[in-house]
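Structure first, commentary second.
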Amino acid sequence: MIRVKRVYEPFSSDDGYRVFVERLWPRGMRREELRMDLWAKDLAPSNRLRVWYSHDPAKWDEFRSKYKTELCEKEEILNELRKIENLTLLVASKSDLNAGAVIKDVLEHWNEFMDLCSSVKNNAAKM
């Protein structure tokens with residue numbers, strides 16, 4: 001099971017392995033408050049993409065596409081996360097349209113993601 005949860009929600013023993021997937025530390029939260037097993041800041045969208053998106057719902061589809069392309073470079077850590085049976089992706093965002101949702105989708109549709117990454121790598125090789 002994979003779930004996305006806001007860092008401000010209370011810890012639950014049902015959360016399993018907790019991975020914080022943001023590049024920036026959440027406002028107003030002390031480090032000891034965020035019970036996490038891993039801070040995977042390398043999985044977060046690039047700063048350029050994060051700033052461009054700015055959680056604008058009108059940009060969601062394009063953000064998802066661009067972010068998945070970025071995630072192709074993070075295949076190794078994603079593959080490790082997908083092996084975890086009970087995984088909670090922690091985000092600071094108030095919106096459901098966030099990086100955690102994209103990562104969850106990638107992990108749940110791994111073969112489609114791998115096809116995308118193959119295509120991205122092939123296109124890069126042609127250039």
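By convention here, the chains of the structure tokens are called A, B, ... in the order presented, each chain's residues are numbered starting at 1, and ligands are numbered starting at 1 in the order presented.
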Can you tell me which residues surround Arg31 (chain A) at a distance of at most 12 Å, considering only C-alpha atoms, apart from same-chain residues fewer than 6 positions away, and format the answer as a compact mmCIF listing (two decimals) with C-alpha atoms, in the first residue's frame?
# COMPACT_ATOMS: atom_id res chain seq x y z
CA VAL A 7 3.61 16.17 7.19
CA PHE A 20 9.60 12.85 3.08
CA TRP A 25 11.82 21.67 5.04
CA TRP A 39 14.30 12.34 3.56
Who sits within 12 Å of Lys74 (chain A), only C-alpha atoms, same chain under 6 positions skipped, as a PyMOL selection string: chain A and resi 40-45+67-68+80-81+103+106-107+113-114+117
Writer output for current selection, N, CA, C and O atoms, as a short mmCIF file (atom, residue, chain, number, x, y, z; two decimals), in the first residue's frame:
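Ended up saving to part-v1.cif:
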data_model
loop_
_atom_site.label_atom_id
_atom_site.label_comp_id
_atom_site.auth_asym_id
_atom_site.auth_seq_id
_atom_site.Cartn_x
_atom_site.Cartn_y
_atom_site.Cartn_z
N ALA A 40 14.03 11.97 1.19
CA ALA A 40 14.44 11.74 -0.20
C ALA A 40 14.33 13.04 -0.99
O ALA A 40 13.56 13.14 -1.94
N LYS A 41 15.14 14.04 -0.61
CA LYS A 41 15.05 15.33 -1.30
C LYS A 41 15.44 15.24 -2.76
O LYS A 41 15.02 16.05 -3.57
N ASP A 42 16.23 14.22 -3.10
CA ASP A 42 16.62 14.04 -4.51
C ASP A 42 15.43 13.64 -5.38
O ASP A 42 15.50 13.75 -6.60
N LEU A 43 14.37 13.14 -4.76
CA LEU A 43 13.18 12.78 -5.53
C LEU A 43 12.27 13.98 -5.79
O LEU A 43 11.39 13.92 -6.64
N ALA A 44 12.49 15.05 -5.08
CA ALA A 44 11.65 16.24 -5.24
C ALA A 44 11.86 16.84 -6.62
O ALA A 44 12.91 16.67 -7.24
N PRO A 45 10.86 17.55 -7.11
CA PRO A 45 11.02 18.23 -8.41
C PRO A 45 12.20 19.21 -8.34
O PRO A 45 12.50 19.75 -7.28
N TYR A 67 7.72 16.30 -14.56
CA TYR A 67 8.26 15.71 -13.33
C TYR A 67 8.57 14.22 -13.54
O TYR A 67 9.61 13.73 -13.10
N LYS A 68 7.69 13.52 -14.22
CA LYS A 68 7.98 12.10 -14.51
C LYS A 68 9.25 11.97 -15.33
O LYS A 68 10.03 11.04 -15.11
N GLU A 80 13.76 0.92 -5.38
CA GLU A 80 13.87 0.46 -3.98
C GLU A 80 12.58 0.77 -3.22
O GLU A 80 12.09 -0.07 -2.46
N LEU A 81 12.02 1.95 -3.42
CA LEU A 81 10.79 2.32 -2.72
C LEU A 81 9.62 1.44 -3.14
O LEU A 81 8.77 1.11 -2.33
N ILE A 103 4.78 10.65 -7.58
CA ILE A 103 5.63 9.52 -7.21
C ILE A 103 4.78 8.28 -6.96
O ILE A 103 5.12 7.18 -7.40
N VAL A 106 3.80 6.83 -10.23
CA VAL A 106 4.95 6.16 -10.86
C VAL A 106 5.15 4.78 -10.25
O VAL A 106 5.33 3.79 -10.96
N LEU A 107 5.11 4.70 -8.92
CA LEU A 107 5.34 3.43 -8.25
C LEU A 107 4.23 2.42 -8.53
O LEU A 107 4.50 1.22 -8.66
N PHE A 113 5.90 3.67 -16.45
CA PHE A 113 6.97 4.61 -16.15
C PHE A 113 8.27 4.18 -16.83
O PHE A 113 8.97 5.00 -17.41
N MET A 114 8.58 2.91 -16.79
CA MET A 114 9.80 2.41 -17.41
C MET A 114 9.75 2.60 -18.93
O MET A 114 10.77 2.92 -19.55
N CYS A 117 10.56 6.20 -19.53
CA CYS A 117 12.00 6.45 -19.35
C CYS A 117 12.80 5.92 -20.53
O CYS A 117 13.77 6.57 -20.95
#
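Considering the residues A:Leu89, A:Met1, A:Ile77, A:Leu34 and counting only C-alpha atoms, Ala101 (chain A) has its shortest atom-to-atom contact with A:Leu89.
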Residues of chain A in helix (DSSP H, G or I), written as a ChimeraX atom specification: /A:13-15,31-33,41-43,47-53,57-82,99-108,110-126
Residues near Asp15 (chain A), cut-off 10 Å, only C-alpha atoms, skip fewer than 6 positions along chain, as a PDB file with all heavy atoms, in the first residue's frame:
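Saved the output as selection27.pdb:
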ATOM      1  N   MET A   1       0.841  -1.179   0.000  1.00  0.00           N
ATOM      2  CA  MET A   1       0.000   0.000   0.000  1.00  0.00           C
ATOM      3  C   MET A   1       0.889   1.245   0.000  1.00  0.00           C
ATOM      4  O   MET A   1       1.854   1.333   0.741  1.00  0.00           O
ATOM      5  CB  MET A   1      -0.901   0.000   1.230  1.00  0.00           C
ATOM      6  CG  MET A   1      -1.624   1.304   1.409  1.00  0.00           C
ATOM      7  SD  MET A   1      -2.756   1.307   2.788  1.00  0.00           S
ATOM      8  CE  MET A   1      -4.260   1.106   1.868  1.00  0.00           C
ATOM      9  N   ILE A   2       0.525   2.190  -0.837  1.00  0.00           N
ATOM     10  CA  ILE A   2       1.229   3.456  -0.915  1.00  0.00           C
ATOM     11  C   ILE A   2       0.218   4.558  -0.648  1.00  0.00           C
ATOM     12  O   ILE A   2      -0.858   4.577  -1.242  1.00  0.00           O
ATOM     13  CB  ILE A   2       1.870   3.674  -2.308  1.00  0.00           C
ATOM     14  CG1 ILE A   2       2.800   2.522  -2.662  1.00  0.00           C
ATOM     15  CG2 ILE A   2       2.609   5.008  -2.356  1.00  0.00           C
ATOM     16  CD1 ILE A   2       3.266   2.533  -4.107  1.00  0.00           C
ATOM     17  N   ARG A   3       0.581   5.454   0.239  1.00  0.00           N
ATOM     18  CA  ARG A   3      -0.302   6.586   0.523  1.00  0.00           C
ATOM     19  C   ARG A   3       0.516   7.874   0.531  1.00  0.00           C
ATOM     20  O   ARG A   3       1.720   7.832   0.740  1.00  0.00           O
ATOM     21  CB  ARG A   3      -1.053   6.394   1.834  1.00  0.00           C
ATOM     22  CG  ARG A   3      -0.203   6.413   3.060  1.00  0.00           C
ATOM     23  CD  ARG A   3      -0.961   6.142   4.356  1.00  0.00           C
ATOM     24  NE  ARG A   3      -1.537   4.835   4.492  1.00  0.00           N
ATOM     25  CZ  ARG A   3      -0.860   3.721   4.777  1.00  0.00           C
ATOM     26  NH1 ARG A   3       0.431   3.772   4.941  1.00  0.00           N
ATOM     27  NH2 ARG A   3      -1.464   2.582   4.886  1.00  0.00           N
ATOM     28  N   VAL A   4      -0.162   8.977   0.308  1.00  0.00           N
ATOM     29  CA  VAL A   4       0.451  10.301   0.393  1.00  0.00           C
ATOM     30  C   VAL A   4      -0.216  10.994   1.574  1.00  0.00           C
ATOM     31  O   VAL A   4      -1.437  10.982   1.711  1.00  0.00           O
ATOM     32  CB  VAL A   4       0.227  11.119  -0.900  1.00  0.00           C
ATOM     33  CG1 VAL A   4       0.840  12.500  -0.773  1.00  0.00           C
ATOM     34  CG2 VAL A   4       0.799  10.385  -2.104  1.00  0.00           C
ATOM     35  N   LYS A   5       0.625  11.596   2.421  1.00  0.00           N
ATOM     36  CA  LYS A   5       0.112  12.198   3.648  1.00  0.00           C
ATOM     37  C   LYS A   5       0.846  13.517   3.897  1.00  0.00           C
ATOM     38  O   LYS A   5       2.045  13.619   3.656  1.00  0.00           O
ATOM     39  CB  LYS A   5       0.370  11.214   4.795  1.00  0.00           C
ATOM     40  CG  LYS A   5      -0.185  11.587   6.119  1.00  0.00           C
ATOM     41  CD  LYS A   5       0.038  10.423   7.099  1.00  0.00           C
ATOM     42  CE  LYS A   5      -0.533  10.726   8.447  1.00  0.00           C
ATOM     43  NZ  LYS A   5      -0.373   9.593   9.368  1.00  0.00           N
ATOM     44  N   MET A  36      10.133  10.453  10.292  1.00  0.00           N
ATOM     45  CA  MET A  36      10.343   9.921   8.946  1.00  0.00           C
ATOM     46  C   MET A  36      11.482   8.914   8.992  1.00  0.00           C
ATOM     47  O   MET A  36      12.368   8.983   9.836  1.00  0.00           O
ATOM     48  CB  MET A  36      10.646  11.034   7.955  1.00  0.00           C
ATOM     49  CG  MET A  36      11.951  11.730   8.232  1.00  0.00           C
ATOM     50  SD  MET A  36      12.298  12.995   7.010  1.00  0.00           S
ATOM     51  CE  MET A  36      13.595  13.865   7.847  1.00  0.00           C
ATOM     52  N   ASN A  86       4.453  -1.253   2.698  1.00  0.00           N
ATOM     53  CA  ASN A  86       3.622  -0.248   3.350  1.00  0.00           C
ATOM     54  C   ASN A  86       4.416   1.054   3.369  1.00  0.00           C
ATOM     55  O   ASN A  86       5.309   1.228   4.187  1.00  0.00           O
ATOM     56  CB  ASN A  86       3.258  -0.702   4.765  1.00  0.00           C
ATOM     57  CG  ASN A  86       2.234   0.195   5.417  1.00  0.00           C
ATOM     58  OD1 ASN A  86       1.634   1.053   4.776  1.00  0.00           O
ATOM     59  ND2 ASN A  86       2.034   0.015   6.705  1.00  0.00           N
ATOM     60  N   LEU A  87       4.079   1.968   2.465  1.00  0.00           N
ATOM     61  CA  LEU A  87       4.872   3.171   2.234  1.00  0.00           C
ATOM     62  C   LEU A  87       3.991   4.412   2.332  1.00  0.00           C
ATOM     63  O   LEU A  87       2.911   4.463   1.738  1.00  0.00           O
ATOM     64  CB  LEU A  87       5.498   3.092   0.830  1.00  0.00           C
ATOM     65  CG  LEU A  87       6.305   4.280   0.340  1.00  0.00           C
ATOM     66  CD1 LEU A  87       7.569   4.464   1.174  1.00  0.00           C
ATOM     67  CD2 LEU A  87       6.671   4.076  -1.130  1.00  0.00           C
ATOM     68  N   THR A  88       4.472   5.394   3.085  1.00  0.00           N
ATOM     69  CA  THR A  88       3.800   6.684   3.157  1.00  0.00           C
ATOM     70  C   THR A  88       4.747   7.752   2.637  1.00  0.00           C
ATOM     71  O   THR A  88       5.868   7.893   3.138  1.00  0.00           O
ATOM     72  CB  THR A  88       3.366   7.022   4.599  1.00  0.00           C
ATOM     73  OG1 THR A  88       2.419   6.037   5.032  1.00  0.00           O
ATOM     74  CG2 THR A  88       2.721   8.391   4.678  1.00  0.00           C
ATOM     75  N   LEU A  89       4.303   8.475   1.619  1.00  0.00           N
ATOM     76  CA  LEU A  89       5.055   9.582   1.046  1.00  0.00           C
ATOM     77  C   LEU A  89       4.580  10.853   1.731  1.00  0.00           C
ATOM     78  O   LEU A  89       3.388  11.183   1.688  1.00  0.00           O
ATOM     79  CB  LEU A  89       4.826   9.660  -0.460  1.00  0.00           C
ATOM     80  CG  LEU A  89       5.175   8.391  -1.235  1.00  0.00           C
ATOM     81  CD1 LEU A  89       4.695   8.493  -2.673  1.00  0.00           C
ATOM     82  CD2 LEU A  89       6.665   8.117  -1.166  1.00  0.00           C
ATOM     83  N   LEU A  90       5.482  11.544   2.391  1.00  0.00           N
ATOM     84  CA  LEU A  90       5.141  12.733   3.160  1.00  0.00           C
ATOM     85  C   LEU A  90       5.406  13.992   2.350  1.00  0.00           C
ATOM     86  O   LEU A  90       6.472  14.145   1.758  1.00  0.00           O
ATOM     87  CB  LEU A  90       5.972  12.769   4.446  1.00  0.00           C
ATOM     88  CG  LEU A  90       5.761  11.588   5.388  1.00  0.00           C
ATOM     89  CD1 LEU A  90       6.828  11.586   6.473  1.00  0.00           C
ATOM     90  CD2 LEU A  90       4.369  11.629   5.990  1.00  0.00           C
TER      91      LEU A  90
END
Best match for closeness to Lys59 (chain A) among A:Cys72, A:Leu97, A:Leu24, A:Val102, counting only C-alpha atoms: A:Leu97
